[in-house]
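This is my_file-v5.csv. It holds CSV, C-alpha atoms and all ligand atoms.
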```csv
chain,number,residue,atom,x,y,z
A,450,MET,CA,1.6,39.1,9.6
A,451,VAL,CA,-0.1,36.1,7.9
A,452,GLN,CA,-3.8,35.8,8.4
A,453,GLY,CA,-5.9,32.7,9.0
A,454,ALA,CA,-6.9,31.2,5.6
A,455,LEU,CA,-10.0,29.1,6.3
A,456,ARG,CA,-13.5,30.4,6.8
A,457,GLU,CA,-14.8,30.9,10.3
A,458,GLY,CA,-16.2,27.7,11.9
A,459,ALA,CA,-14.4,25.5,9.3
A,460,LEU,CA,-13.5,22.9,12.0
A,461,VAL,CA,-16.6,23.1,14.2
A,462,GLY,CA,-17.7,19.6,15.3
A,463,LYS,CA,-14.2,18.1,14.9
A,464,THR,CA,-12.1,16.8,17.8
A,465,ILE,CA,-8.4,17.1,17.0
A,466,VAL,CA,-5.5,15.6,19.0
A,467,VAL,CA,-2.2,17.3,18.5
A,468,THR,CA,0.9,15.6,20.0
A,469,GLY,CA,3.6,18.0,21.1
A,470,GLY,CA,0.8,20.6,21.1
A,471,GLY,CA,2.1,22.6,24.1
A,472,THR,CA,4.9,24.3,22.2
A,473,GLY,CA,6.2,25.5,18.8
A,474,LEU,CA,4.4,24.4,15.7
A,475,GLY,CA,2.1,22.1,17.6
A,476,LYS,CA,0.9,25.1,19.7
A,477,ALA,CA,0.4,27.2,16.5
A,478,MET,CA,-1.7,24.4,14.9
A,479,ALA,CA,-3.7,23.8,18.0
A,480,THR,CA,-4.4,27.5,18.4
A,481,TYR,CA,-5.7,27.8,14.8
A,482,PHE,CA,-7.7,24.6,15.0
A,483,SER,CA,-9.4,26.0,18.1
A,484,GLU,CA,-10.0,29.4,16.5
A,485,LEU,CA,-11.8,27.5,13.7
A,486,GLY,CA,-14.1,25.9,16.2
A,487,ALA,CA,-12.5,22.5,16.8
A,488,ASN,CA,-12.3,20.7,20.2
A,489,VAL,CA,-8.6,20.5,20.7
A,490,VAL,CA,-6.6,18.0,22.8
A,491,ILE,CA,-2.9,18.9,23.3
A,492,THR,CA,-0.5,16.3,24.7
A,493,SER,CA,3.2,15.9,25.5
A,494,ARG,CA,5.3,14.9,28.6
A,495,LYS,CA,5.2,18.2,30.4
A,496,LEU,CA,1.7,18.8,31.9
A,497,ASP,CA,2.6,22.2,33.3
A,498,VAL,CA,3.5,23.5,29.8
A,499,LEU,CA,0.4,21.9,28.3
A,500,THR,CA,-1.9,23.4,31.0
A,501,GLN,CA,-0.5,26.9,30.4
A,502,THR,CA,-0.9,26.6,26.6
A,503,ALA,CA,-4.5,25.2,27.0
A,504,LYS,CA,-5.4,28.2,29.2
A,505,GLU,CA,-3.8,30.7,26.7
A,506,ILE,CA,-5.7,29.1,23.7
A,507,GLU,CA,-9.0,29.0,25.6
A,508,GLU,CA,-8.7,32.6,26.5
A,509,LYS,CA,-8.1,33.5,22.9
A,510,THR,CA,-10.7,31.4,21.3
A,511,SER,CA,-13.3,30.6,24.0
A,512,ASN,CA,-13.3,27.0,22.9
A,513,SER,CA,-12.3,24.2,25.3
A,514,VAL,CA,-8.9,22.7,25.1
A,515,LEU,CA,-8.0,19.5,27.0
A,516,ALA,CA,-4.4,19.0,28.2
A,517,VAL,CA,-3.3,15.4,28.7
A,518,SER,CA,0.2,14.3,29.7
A,519,CYS,CA,1.4,11.4,27.5
A,520,ASP,CA,4.8,10.1,26.5
A,521,VAL,CA,4.2,8.9,22.9
A,522,ARG,CA,6.8,6.2,23.4
A,523,ASN,CA,4.6,4.5,26.0
A,524,ILE,CA,1.6,2.7,24.5
A,525,GLU,CA,-0.3,2.7,27.8
A,526,ASP,CA,0.0,6.5,27.9
A,527,VAL,CA,-1.3,6.7,24.3
A,528,GLU,CA,-4.3,4.5,25.1
A,529,ARG,CA,-5.1,6.7,28.1
A,530,LEU,CA,-4.8,9.7,25.8
A,531,TYR,CA,-7.3,8.4,23.4
A,532,LYS,CA,-9.7,7.5,26.2
A,533,GLU,CA,-9.5,10.9,27.9
A,534,ALA,CA,-10.0,12.7,24.6
A,535,ALA,CA,-13.0,10.5,23.6
A,536,ASP,CA,-14.6,10.6,27.1
A,537,THR,CA,-14.3,14.4,27.1
A,538,PHE,CA,-15.4,15.1,23.5
A,539,GLY,CA,-17.4,12.0,22.5
A,540,GLY,CA,-14.8,10.7,20.1
A,541,VAL,CA,-11.7,11.8,18.1
A,542,ASP,CA,-11.8,12.8,14.4
A,543,ILE,CA,-8.2,13.9,13.7
A,544,LEU,CA,-4.7,12.9,14.9
A,545,VAL,CA,-1.8,15.3,14.3
A,546,ASN,CA,1.5,13.4,14.9
A,547,ASN,CA,3.7,16.4,15.6
A,548,ALA,CA,5.7,15.4,18.7
A,549,ALA,CA,9.4,14.9,18.0
A,550,GLY,CA,12.9,14.7,19.5
A,551,ASN,CA,16.0,15.8,17.7
A,552,PHE,CA,19.5,17.3,18.2
A,553,ILE,CA,22.5,17.9,15.9
A,554,SER,CA,25.5,15.6,16.4
A,555,PRO,CA,28.0,13.8,14.2
A,556,THR,CA,26.6,10.4,14.0
A,557,GLU,CA,29.7,8.6,15.2
A,558,ARG,CA,29.3,10.5,18.6
A,559,LEU,CA,25.9,9.0,19.2
A,560,SER,CA,25.4,6.2,21.7
A,561,ALA,CA,23.0,3.4,20.9
A,562,ASN,CA,20.5,4.9,23.4
A,563,ALA,CA,20.8,8.4,21.8
A,564,PHE,CA,19.9,6.9,18.4
A,565,SER,CA,17.0,4.9,19.8
A,566,THR,CA,15.6,7.8,21.8
A,567,ILE,CA,14.9,9.8,18.6
A,568,ILE,CA,13.6,6.7,16.7
A,569,ASP,CA,11.4,5.9,19.7
A,570,ILE,CA,9.8,9.4,19.9
A,571,VAL,CA,9.5,10.1,16.2
A,572,LEU,CA,8.8,6.8,14.5
A,573,LYS,CA,7.5,4.5,17.3
A,574,GLY,CA,5.6,7.4,18.9
A,575,THR,CA,3.9,8.1,15.7
A,576,ALA,CA,3.2,4.4,15.2
A,577,ASN,CA,1.8,4.1,18.8
A,578,CYS,CA,-0.6,7.0,18.2
A,579,THR,CA,-1.6,5.9,14.7
A,580,LEU,CA,-2.2,2.3,15.7
A,581,THR,CA,-4.2,3.2,18.8
A,582,PHE,CA,-6.4,5.8,17.2
A,583,GLY,CA,-6.7,3.9,13.9
A,584,LYS,CA,-7.9,0.7,15.6
A,585,LYS,CA,-10.6,2.7,17.4
A,586,TRP,CA,-11.7,4.4,14.2
A,587,ILE,CA,-11.8,1.1,12.2
A,588,GLU,CA,-13.7,-0.7,15.0
A,589,SER,CA,-16.3,2.1,15.2
A,590,LYS,CA,-16.4,2.8,11.4
A,591,HIS,CA,-15.5,6.4,12.1
A,592,THR,CA,-14.3,8.6,9.2
A,593,ALA,CA,-11.1,10.3,10.3
A,594,ASN,CA,-7.7,11.5,9.2
A,595,ILE,CA,-4.1,11.6,10.3
A,596,LEU,CA,-1.6,14.4,9.6
A,597,ASN,CA,2.1,13.7,10.2
A,598,ILE,CA,4.6,16.5,10.5
A,599,ILE,CA,7.8,15.3,8.9
A,600,THR,CA,10.8,17.3,7.4
A,601,THR,CA,12.2,17.8,4.0
A,602,TYR,CA,15.2,15.7,4.8
A,603,ALA,CA,12.8,12.7,5.1
A,604,PHE,CA,13.2,12.5,1.3
A,605,THR,CA,16.8,13.8,0.9
A,606,GLY,CA,18.4,12.4,4.1
A,607,SER,CA,20.7,14.7,6.1
A,608,GLY,CA,23.9,14.4,7.9
A,609,TYR,CA,24.1,15.5,11.6
A,610,VAL,CA,20.5,14.6,12.3
A,611,VAL,CA,20.6,11.0,11.1
A,612,PRO,CA,18.3,9.4,13.6
A,613,SER,CA,15.7,12.1,12.9
A,614,ALA,CA,16.1,11.7,9.2
A,615,VAL,CA,15.7,7.9,9.4
A,616,ALA,CA,12.7,8.2,11.7
A,617,LYS,CA,11.0,10.9,9.6
A,618,GLY,CA,11.6,8.9,6.4
A,619,GLY,CA,9.8,6.0,8.2
A,620,VAL,CA,6.9,8.3,9.0
A,621,LEU,CA,6.7,9.4,5.4
A,622,THR,CA,6.5,5.8,4.3
A,623,MET,CA,3.9,5.1,7.0
A,624,THR,CA,1.8,8.0,5.7
A,625,ARG,CA,1.8,6.7,2.1
A,626,SER,CA,1.3,3.0,3.2
A,627,LEU,CA,-1.7,3.7,5.4
A,628,ALA,CA,-3.2,6.1,2.8
A,629,ALA,CA,-3.5,3.0,0.6
A,630,GLU,CA,-4.4,0.5,3.2
A,631,TRP,CA,-6.8,2.5,5.4
A,632,GLY,CA,-8.4,4.6,2.7
A,633,LYS,CA,-11.1,1.9,2.5
A,634,TYR,CA,-12.1,2.7,6.1
A,635,GLY,CA,-12.5,6.4,5.3
A,636,ILE,CA,-9.2,7.2,7.0
A,637,ARG,CA,-7.0,9.7,5.2
A,638,SER,CA,-3.2,10.0,5.9
A,639,ASN,CA,-1.2,13.0,4.8
A,640,ALA,CA,2.0,14.7,5.8
A,641,ILE,CA,3.5,18.2,5.9
A,642,ALA,CA,7.3,18.6,5.3
A,643,PRO,CA,8.2,22.0,6.8
A,644,GLY,CA,11.4,23.9,6.1
A,645,PRO,CA,12.8,26.3,8.7
A,646,PHE,CA,10.2,27.7,11.1
A,647,PRO,CA,12.0,29.1,14.1
A,648,THR,CA,10.8,27.5,17.4
A,649,LYS,CA,12.7,27.4,20.7
A,650,GLY,CA,12.6,23.6,20.8
A,651,ALA,CA,14.2,23.2,17.4
A,652,TRP,CA,16.6,26.1,17.5
A,653,ASP,CA,17.9,25.2,21.0
A,654,ARG,CA,18.9,21.7,19.7
A,655,LEU,CA,19.8,22.4,16.1
A,656,LEU,CA,21.4,25.9,16.3
A,657,PRO,CA,22.6,26.4,19.9
A,658,GLY,CA,24.8,29.4,20.8
A,659,ASP,CA,26.2,31.3,17.9
A,660,LEU,CA,25.3,28.6,15.3
A,661,ALA,CA,22.0,30.5,14.7
A,662,ALA,CA,24.0,33.4,13.3
A,663,LYS,CA,26.5,31.3,11.5
A,664,PHE,CA,24.0,29.0,9.8
A,665,ASP,CA,21.2,31.5,9.3
A,666,PHE,CA,18.6,29.3,7.6
A,667,LYS,CA,17.0,32.0,5.6
A,668,ASN,CA,20.1,32.2,3.5
A,669,ARG,CA,19.3,28.7,2.2
A,670,VAL,CA,15.8,29.6,1.2
A,671,PRO,CA,15.1,31.1,-2.3
A,672,LEU,CA,12.4,33.3,-0.7
A,673,LYS,CA,15.1,34.6,1.7
A,674,ARG,CA,13.0,34.2,4.8
A,675,VAL,CA,12.0,31.6,7.3
A,676,GLY,CA,8.4,30.4,7.6
A,677,GLU,CA,5.7,32.0,9.8
A,678,HIS,CA,3.8,29.6,12.1
A,679,GLN,CA,0.5,30.8,10.8
A,680,GLU,CA,1.5,29.7,7.3
A,681,LEU,CA,2.0,26.1,8.5
A,682,ALA,CA,-1.2,26.3,10.6
A,683,ASN,CA,-3.2,27.3,7.5
A,684,LEU,CA,-1.9,24.4,5.5
A,685,ALA,CA,-2.5,22.0,8.4
A,686,ALA,CA,-6.1,23.2,9.0
A,687,PHE,CA,-6.8,22.8,5.3
A,688,LEU,CA,-5.4,19.2,5.1
A,689,VAL,CA,-7.3,18.0,8.2
A,690,SER,CA,-10.5,19.7,7.1
A,691,ASP,CA,-13.3,18.2,5.0
A,692,PHE,CA,-12.2,20.6,2.2
A,693,ALA,CA,-9.2,18.2,1.6
A,694,GLY,CA,-11.5,15.2,1.7
A,695,TYR,CA,-10.0,13.7,-1.5
A,696,ILE,CA,-6.3,14.3,-0.6
A,697,ASN,CA,-4.9,11.1,0.7
A,698,GLY,CA,-1.3,9.9,0.9
A,699,GLU,CA,0.1,13.3,0.0
A,700,VAL,CA,3.1,15.1,1.4
A,701,ILE,CA,3.1,18.9,1.1
A,702,THR,CA,6.4,20.7,1.4
A,703,ILE,CA,6.2,24.2,2.9
A,704,ASP,CA,9.8,25.5,2.8
A,705,GLY,CA,10.0,28.5,0.5
A,706,GLY,CA,11.8,26.2,-2.0
A,707,GLU,CA,14.7,25.4,0.4
A,708,TRP,CA,15.2,21.7,-0.5
A,709,LEU,CA,15.1,22.2,-4.2
A,710,GLN,CA,17.6,25.1,-3.9
A,711,GLY,CA,20.0,22.6,-2.3
A,712,ALA,CA,19.2,19.8,-4.9
A,713,GLY,CA,19.5,21.7,-8.2
A,714,GLN,CA,23.1,21.3,-9.4
A,715,MET,CA,23.5,24.8,-10.8
A,716,ASN,CA,21.5,26.7,-8.1
A,717,GLY,CA,24.8,27.8,-6.6
A,718,MET,CA,25.3,30.1,-9.6
A,719,GLU,CA,23.2,32.6,-7.6
A,720,ALA,CA,26.6,33.7,-6.3
A,721,ILE,CA,27.6,35.1,-9.7
A,722,ALA,CA,27.3,38.9,-9.8
A,723,PRO,CA,24.6,40.1,-12.3
A,724,GLU,CA,27.2,42.1,-14.3
A,725,MET,CA,29.2,38.9,-14.9
A,726,TRP,CA,26.4,37.4,-17.1
A,727,ASP,CA,27.3,39.4,-20.2
A,728,TYR,CA,30.9,38.2,-19.9
A,729,ILE,CA,29.8,34.5,-19.4
A,730,GLU,CA,27.3,34.7,-22.3
A,731,LYS,CA,30.0,36.1,-24.5
A,732,ALA,CA,32.5,33.3,-23.5
A,733,ILE,CA,29.9,30.6,-24.2
A,734,ARG,CA,29.1,32.1,-27.7
A,735,GLU,CA,32.8,32.3,-28.4
A,736,ASN,CA,33.2,28.6,-27.5
A,737,ASN,CA,30.3,27.7,-29.8
A,738,LYS,CA,32.2,29.0,-32.9
B,801,LIG,C1,24.7,13.4,21.9
B,801,LIG,C2,22.8,13.2,23.2
B,801,LIG,C3,22.6,14.6,23.1
B,801,LIG,C4,23.5,15.4,22.3
B,801,LIG,C5,21.0,13.7,24.4
B,801,LIG,N1,21.9,12.8,24.0
B,801,LIG,N2,21.5,14.9,23.9
B,801,LIG,N3,23.9,12.7,22.6
B,801,LIG,N4,24.5,14.8,21.7
B,801,LIG,N5,23.3,16.7,22.2
B,801,LIG,C6,21.8,11.4,24.4
B,801,LIG,C7,21.8,11.2,25.9
B,801,LIG,O1,23.1,11.2,26.4
B,801,LIG,C8,21.2,9.8,26.1
B,801,LIG,O2,22.1,8.8,25.7
B,801,LIG,C9,20.1,9.8,25.0
B,801,LIG,O3,20.5,10.8,24.1
B,801,LIG,C10,18.7,10.2,25.6
B,801,LIG,O4,18.8,11.4,26.2
B,801,LIG,P1,17.9,11.9,27.4
B,801,LIG,O5,18.2,13.3,27.8
B,801,LIG,O6,17.9,10.8,28.5
B,801,LIG,O7,16.5,11.7,26.6
B,801,LIG,P2,15.1,12.4,26.9
B,801,LIG,O8,15.0,13.0,28.3
B,801,LIG,O9,14.0,11.4,26.5
B,801,LIG,O10,15.1,13.7,25.9
B,801,LIG,C11,14.9,13.5,24.5
B,801,LIG,C12,15.8,14.5,23.7
B,801,LIG,C13,15.5,15.9,24.2
B,801,LIG,C14,15.4,14.2,22.2
B,801,LIG,C15,17.2,14.1,23.9
B,801,LIG,O11,16.2,16.8,23.4
B,801,LIG,C16,14.0,16.3,24.1
B,801,LIG,O12,13.3,16.1,25.0
B,801,LIG,N6,13.6,16.8,22.9
B,801,LIG,C17,12.1,17.1,22.7
B,801,LIG,C18,11.9,18.4,21.8
B,801,LIG,C19,12.7,18.4,20.5
B,801,LIG,O13,13.7,17.7,20.4
B,801,LIG,N7,12.4,19.4,19.7
B,801,LIG,C20,13.0,19.6,18.4
B,801,LIG,C21,12.3,19.1,17.3
B,801,LIG,S1,13.0,19.8,15.8
B,801,LIG,P3,22.9,7.9,26.8
B,801,LIG,O14,23.6,6.9,26.0
B,801,LIG,O15,23.8,8.9,27.5
B,801,LIG,O16,21.9,7.3,27.8
B,801,LIG,C22,12.8,18.7,14.5
B,801,LIG,C23,12.9,19.2,13.1
B,801,LIG,C24,14.1,19.8,12.6
B,801,LIG,O17,12.6,17.6,14.7
B,801,LIG,C25,14.2,20.4,11.3
B,801,LIG,C26,14.5,21.9,11.3
B,801,LIG,C27,14.8,22.6,10.1
B,802,LIG,P1,9.1,21.6,19.7
B,802,LIG,O1,8.5,22.9,20.2
B,802,LIG,O2,10.3,21.2,20.5
B,802,LIG,O3,8.1,20.5,19.6
B,802,LIG,C1,8.3,19.2,19.9
B,802,LIG,C2,7.2,18.7,20.9
B,802,LIG,O4,7.2,17.3,21.0
B,802,LIG,C3,7.3,19.3,22.3
B,802,LIG,O5,6.1,20.0,22.6
B,802,LIG,C4,7.6,18.2,23.2
B,802,LIG,O6,7.0,18.4,24.4
B,802,LIG,C5,7.0,17.0,22.4
B,802,LIG,N1,7.6,15.7,22.7
B,802,LIG,C6,8.9,15.4,22.7
B,802,LIG,N2,9.1,14.1,23.1
B,802,LIG,C7,7.8,13.7,23.4
B,802,LIG,C8,7.4,12.4,23.8
B,802,LIG,N3,8.2,11.4,24.1
B,802,LIG,N4,6.0,12.3,24.0
B,802,LIG,C9,5.2,13.3,23.8
B,802,LIG,N5,5.6,14.5,23.3
B,802,LIG,C10,6.9,14.7,23.1
B,802,LIG,O7,9.7,21.8,18.2
B,802,LIG,P2,8.9,22.3,16.9
B,802,LIG,O8,9.9,22.9,16.0
B,802,LIG,O9,7.6,22.9,17.2
B,802,LIG,O10,8.6,20.8,16.2
B,802,LIG,C11,7.3,20.4,15.9
B,802,LIG,C12,7.3,19.4,14.7
B,802,LIG,O11,7.8,20.1,13.6
B,802,LIG,C13,8.3,18.2,14.9
B,802,LIG,O12,7.7,17.1,14.4
B,802,LIG,C14,9.5,18.7,14.1
B,802,LIG,O13,10.2,17.5,13.7
B,802,LIG,C15,8.8,19.3,13.0
B,802,LIG,N6,9.6,20.3,12.2
B,802,LIG,C16,10.0,21.4,12.7
B,802,LIG,C17,10.7,22.3,11.9
B,802,LIG,C18,11.1,23.7,12.4
B,802,LIG,O14,11.8,24.4,11.7
B,802,LIG,N7,10.7,24.1,13.6
B,802,LIG,C19,11.2,21.9,10.7
B,802,LIG,C20,10.8,20.7,10.2
B,802,LIG,C21,10.0,19.9,10.9
B,802,LIG,P3,7.5,17.7,25.8
B,802,LIG,O15,8.9,18.1,26.0
B,802,LIG,O16,6.6,18.4,26.9
B,802,LIG,O17,7.2,16.3,25.7
```
Same coordinates, now as C-alpha cells:
Amino acid sequence: MVQGALREGALVGKTIVVTGGGTGLGKAMATYFSELGANVVITSRKLDVLTQTAKEIEEKTSNSVLAVSCDVRNIEDVERLYKEAADTFGGVDILVNNAAGNFISPTERLSANAFSTIIDIVLKGTANCTLTFGKKWIESKHTANILNIITTYAFTGSGYVVPSAVAKGGVLTMTRSLAAEWGKYGIRSNAIAPGPFPTKGAWDRLLPGDLAAKFDFKNRVPLKRVGEHQELANLAAFLVSDFAGYINGEVITIDGGEWLQGAGQMNGMEAIAPEMWDYIEKAIRENNK
C-alpha cells in the first residue's frame, strides 16, 4: 500500500477545484489534497455522486469539501462553479482539469456527435475551466496553477480512442502554450500523463466484459503492474504545491514505462527465452567472421 508522500499540512491555505472529482482518479486526488489540508471543491454532472464523495472525504480528513454540479461543456455552469468555490473559500488557487469522457470504438463507427461529445468534454471543457479561472486570476493578480490530466497517447496517438487522443493532444498543447503565455502572471500550467490506473469509469468504457482479461494492461507495462491511485495523487499533490513552484509547462508521465515499452523497436525481444541468448550471441559472432 503506497503512502502519502508530502508532509502533513503541505496544502493548508490552498483552495483546489478538481473536475471529475467525485469518482476514480479525481476522487483519489481530491482525498489526498484534503488530507494535506486543502479546501477542496469537487465537480461533475452527478450531484448525488459528488455529495456522497464529499461526505466520505470530510469524514476521513475533517476538512470541508464543497460539491458543485457542473457540466464542463457549459460555460455558464463553469462560471457558477468558480463563483460558488470563491464565495465559499474566499478564492481559488488551483484548478485540476481531470473530467473526461471516452470509450473504445473503431473510428469509422463514430457519428459526428460521438466524436464531438468527447472533444467537448475533454478539450473544450478544459478550455472553459482554464479560461474562466485564468481570467479571474489575471484580473485579481492571483498566483495560481493548473494541472491537466492527459494520457500517454496524447503524444503517441492511439487507434480506437481517436477523439480522446485528439482532445488530450490539444490539452497537452494548451498546457505548454499557457505555461509560456501566463507564466508572467504567476500562473503555472503542468500536466500528468497516467498509464493504466484501474477505475470503474475507464474500465467500463475501455475494457468492458471479458476485454479486461484479454487485454490485461499490466502485461504492457515493464514494471508488470498497474498504477496505484495514491501514486498518482502523490505526484499531483507535489505538482500543485509550492514545492513545485519552478515547474511550469512540464508533462510528467506516470505509467511504469508503458509507452516507451511500446515505442522501442526491439522491446518485443522480451519474448525470447533467456536460454536462447547464448545461441543468439553465438550466431551473431559467427556472422561477424
Ligand atoms: C459509439 C457511442 C458510444 C459507443 C456513446 N456513443 N457511446 N458511439 N460507441 N460505445 C455516442 C452516442 O450514440 C451519441 O452519438 C454520442 O456518443 C454521445 O453520447 P451520449 O450518451 O448522449 O453522451 P453523454 O451522455 O454526454 O455521455 C458522454 C460519454 C459517457 C462520454 C458517452 O461515456 C460518459 O458520460 N463518460 C464519462 C466518464 C468517462 O468516459 N470516463 C472514462 C475516462 S477514461 P449520437 O450520434 O447517437 O447522438 C480516459 C483515459 C483512458 O479518458 C486511458 C486509459 C489507459
Ligand atoms: P472516471 O472516474 O470516469 O472520471 C471521469 C470524471 O469526469 C467522472 O467523475 C465524470 O463525472 C466526469 N465528467 C465526465 N463528463 C463530464 C462533464 N461533461 N462535465 C463535468 N464532469 C464530467 O475515470 P478516471 O479513470 O478516474 O479518469 C480521470 C482522468 O484520468 C481522465 O482525465 C482520464 O482521461 C485520465 N486518465 C485515466 C487513466 C486510467 O487508467 N484510469 C489513464 C490515463 C488518463 P460525471 O459522470 O458525474 O460527470
- Task: Could you give me, as a ChimeraX atom specification, the residues within 9 Å of Ala651 (chain A), counting only C-alpha atoms and dropping anything in the same chain fewer than 3 positions from it?
- Result: /A:473,550-552,646-648,654-656
- Query: Expressed in Å to a single decimal, how great is the separation between CA of Asn683 (chain A) and CA of Gln452 (chain A)?
  - Reply: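 So the answer is 8.6 Å.
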- Item | Residues within 6 Å of ligand LIG 802 (chain B), counting all atoms listed in the file, as an MDAnalysis selection string | chainID A and resid 468:475 493:495 519:522 547:550 570 598:600 643:648 650:651
- Work out how far apart CA of Val467 (chain A) and CA of Ala479 (chain A) are and give it in Å to one decimal.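 Going from CA of Val467 (chain A) over to CA of Ala479 (chain A) covers 6.7 Å.
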- Coordinates-based distance that separates CA of Asp704 (chain A) from CA of Gly676 (chain A) (Å, one decimal):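 For CA of Gly676 (chain A) relative to CA of Asp704 (chain A), the distance reads 7.0 Å.
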- Message: Nearest residue to ligand LIG 801 (chain B) out of A:Ile729, A:Ala629, A:Leu559, A:Ala614, using all atoms listed in the file?
- Response: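 The shortest atom-to-atom distance to ligand LIG 801 (chain B) comes from A:Leu559.
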- Task: Go through A:Ser560, A:Thr500, A:Ser565, A:Asn577 and flag the residue nearest Ile524 (chain A), using all atoms listed in the file for the distances.
- Result: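 Counting all atoms listed in the file, the residue closest to Ile524 (chain A) is A:Asn577.
The neighbours of Ala682 (chain A) here are the residues that come within 10 Å of it, using all atoms listed in the file and leaving out any residue fewer than 3 positions away in the same chain; they are Gly453, Ala454, Leu474, Gly475, Lys476, Ala477, Met478, Ala479, Thr480, Tyr481, Phe482, Glu677, His678, Gln679, Ala685, Ala686, Phe687 and Leu688 of chain A.
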- Item | Contacts of Tyr602 (chain A) at 9 Å (all atoms listed in the file; same-chain gap of 3+ positions) as a list in words | Ile599, Thr605, Gly606, Ser607, Ser613, Ala614, Lys617, Gly618, Ala642 and Trp708 of chain A
- In the coordinates of the file, take the point (-15.7, 2.8, 7.1) and a cut-off of 6 Å; then, counting only C-alpha atoms, name each qualifying protein, DNA or RNA residue as an MDAnalysis selection string. chainID A and resid 590 634:635
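Between ligand LIG 801 (chain B) and the residues A:Ala576, A:Leu672, A:Ala720, A:Ala563, the shortest atom-to-atom distance, using all atoms listed in the file, involves A:Ala563.
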- Considering all atoms listed in the file, return as a list in words whatever protein or nucleic-acid residues lie within 7 Å of region 504-517 of chain A, sequence-local ones (same chain, fewer than 5 positions apart) excluded.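 Near neighbours after the sequence-gap exclusion: Thr480, Ser483, Glu484, Gly486, Asn488, Val489, Val490, Ile491, Thr492, Leu496, Leu499 and Leu530 of chain A.
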- Query: Of the candidates A:Tyr531, A:Tyr609, A:Tyr728, A:Phe582, which shows the shortest atom-to-atom distance to ligand LIG 801 (chain B), using all atoms listed in the file?
  - Reply: A:Tyr609
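With all atoms listed in the file as the basis for measurement, A:Arg558 is the residue among A:Arg558, A:Lys463, A:Lys663, A:Lys584 that approaches ligand LIG 801 (chain B) most closely.
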- Hey, what's within 7 Å of Ile568 (chain A) if we count only C-alpha atoms and toss same-chain stuff fewer than 4 positions away? As an NGL selection string, please? :A and (564 or 572-573 or 612-613 or 616)
Would you write out those residues with C-alpha atoms, as a PDB file, in the frame of the given file?
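The new file result.pdb reads:
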```
ATOM      1  CA  PHE A 564      19.900   6.900  18.400  1.00  0.00           C
ATOM      2  CA  LEU A 572       8.800   6.800  14.500  1.00  0.00           C
ATOM      3  CA  LYS A 573       7.500   4.500  17.300  1.00  0.00           C
ATOM      4  CA  PRO A 612      18.300   9.400  13.600  1.00  0.00           C
ATOM      5  CA  SER A 613      15.700  12.100  12.900  1.00  0.00           C
ATOM      6  CA  ALA A 616      12.700   8.200  11.700  1.00  0.00           C
TER       7      ALA A 616
END
```
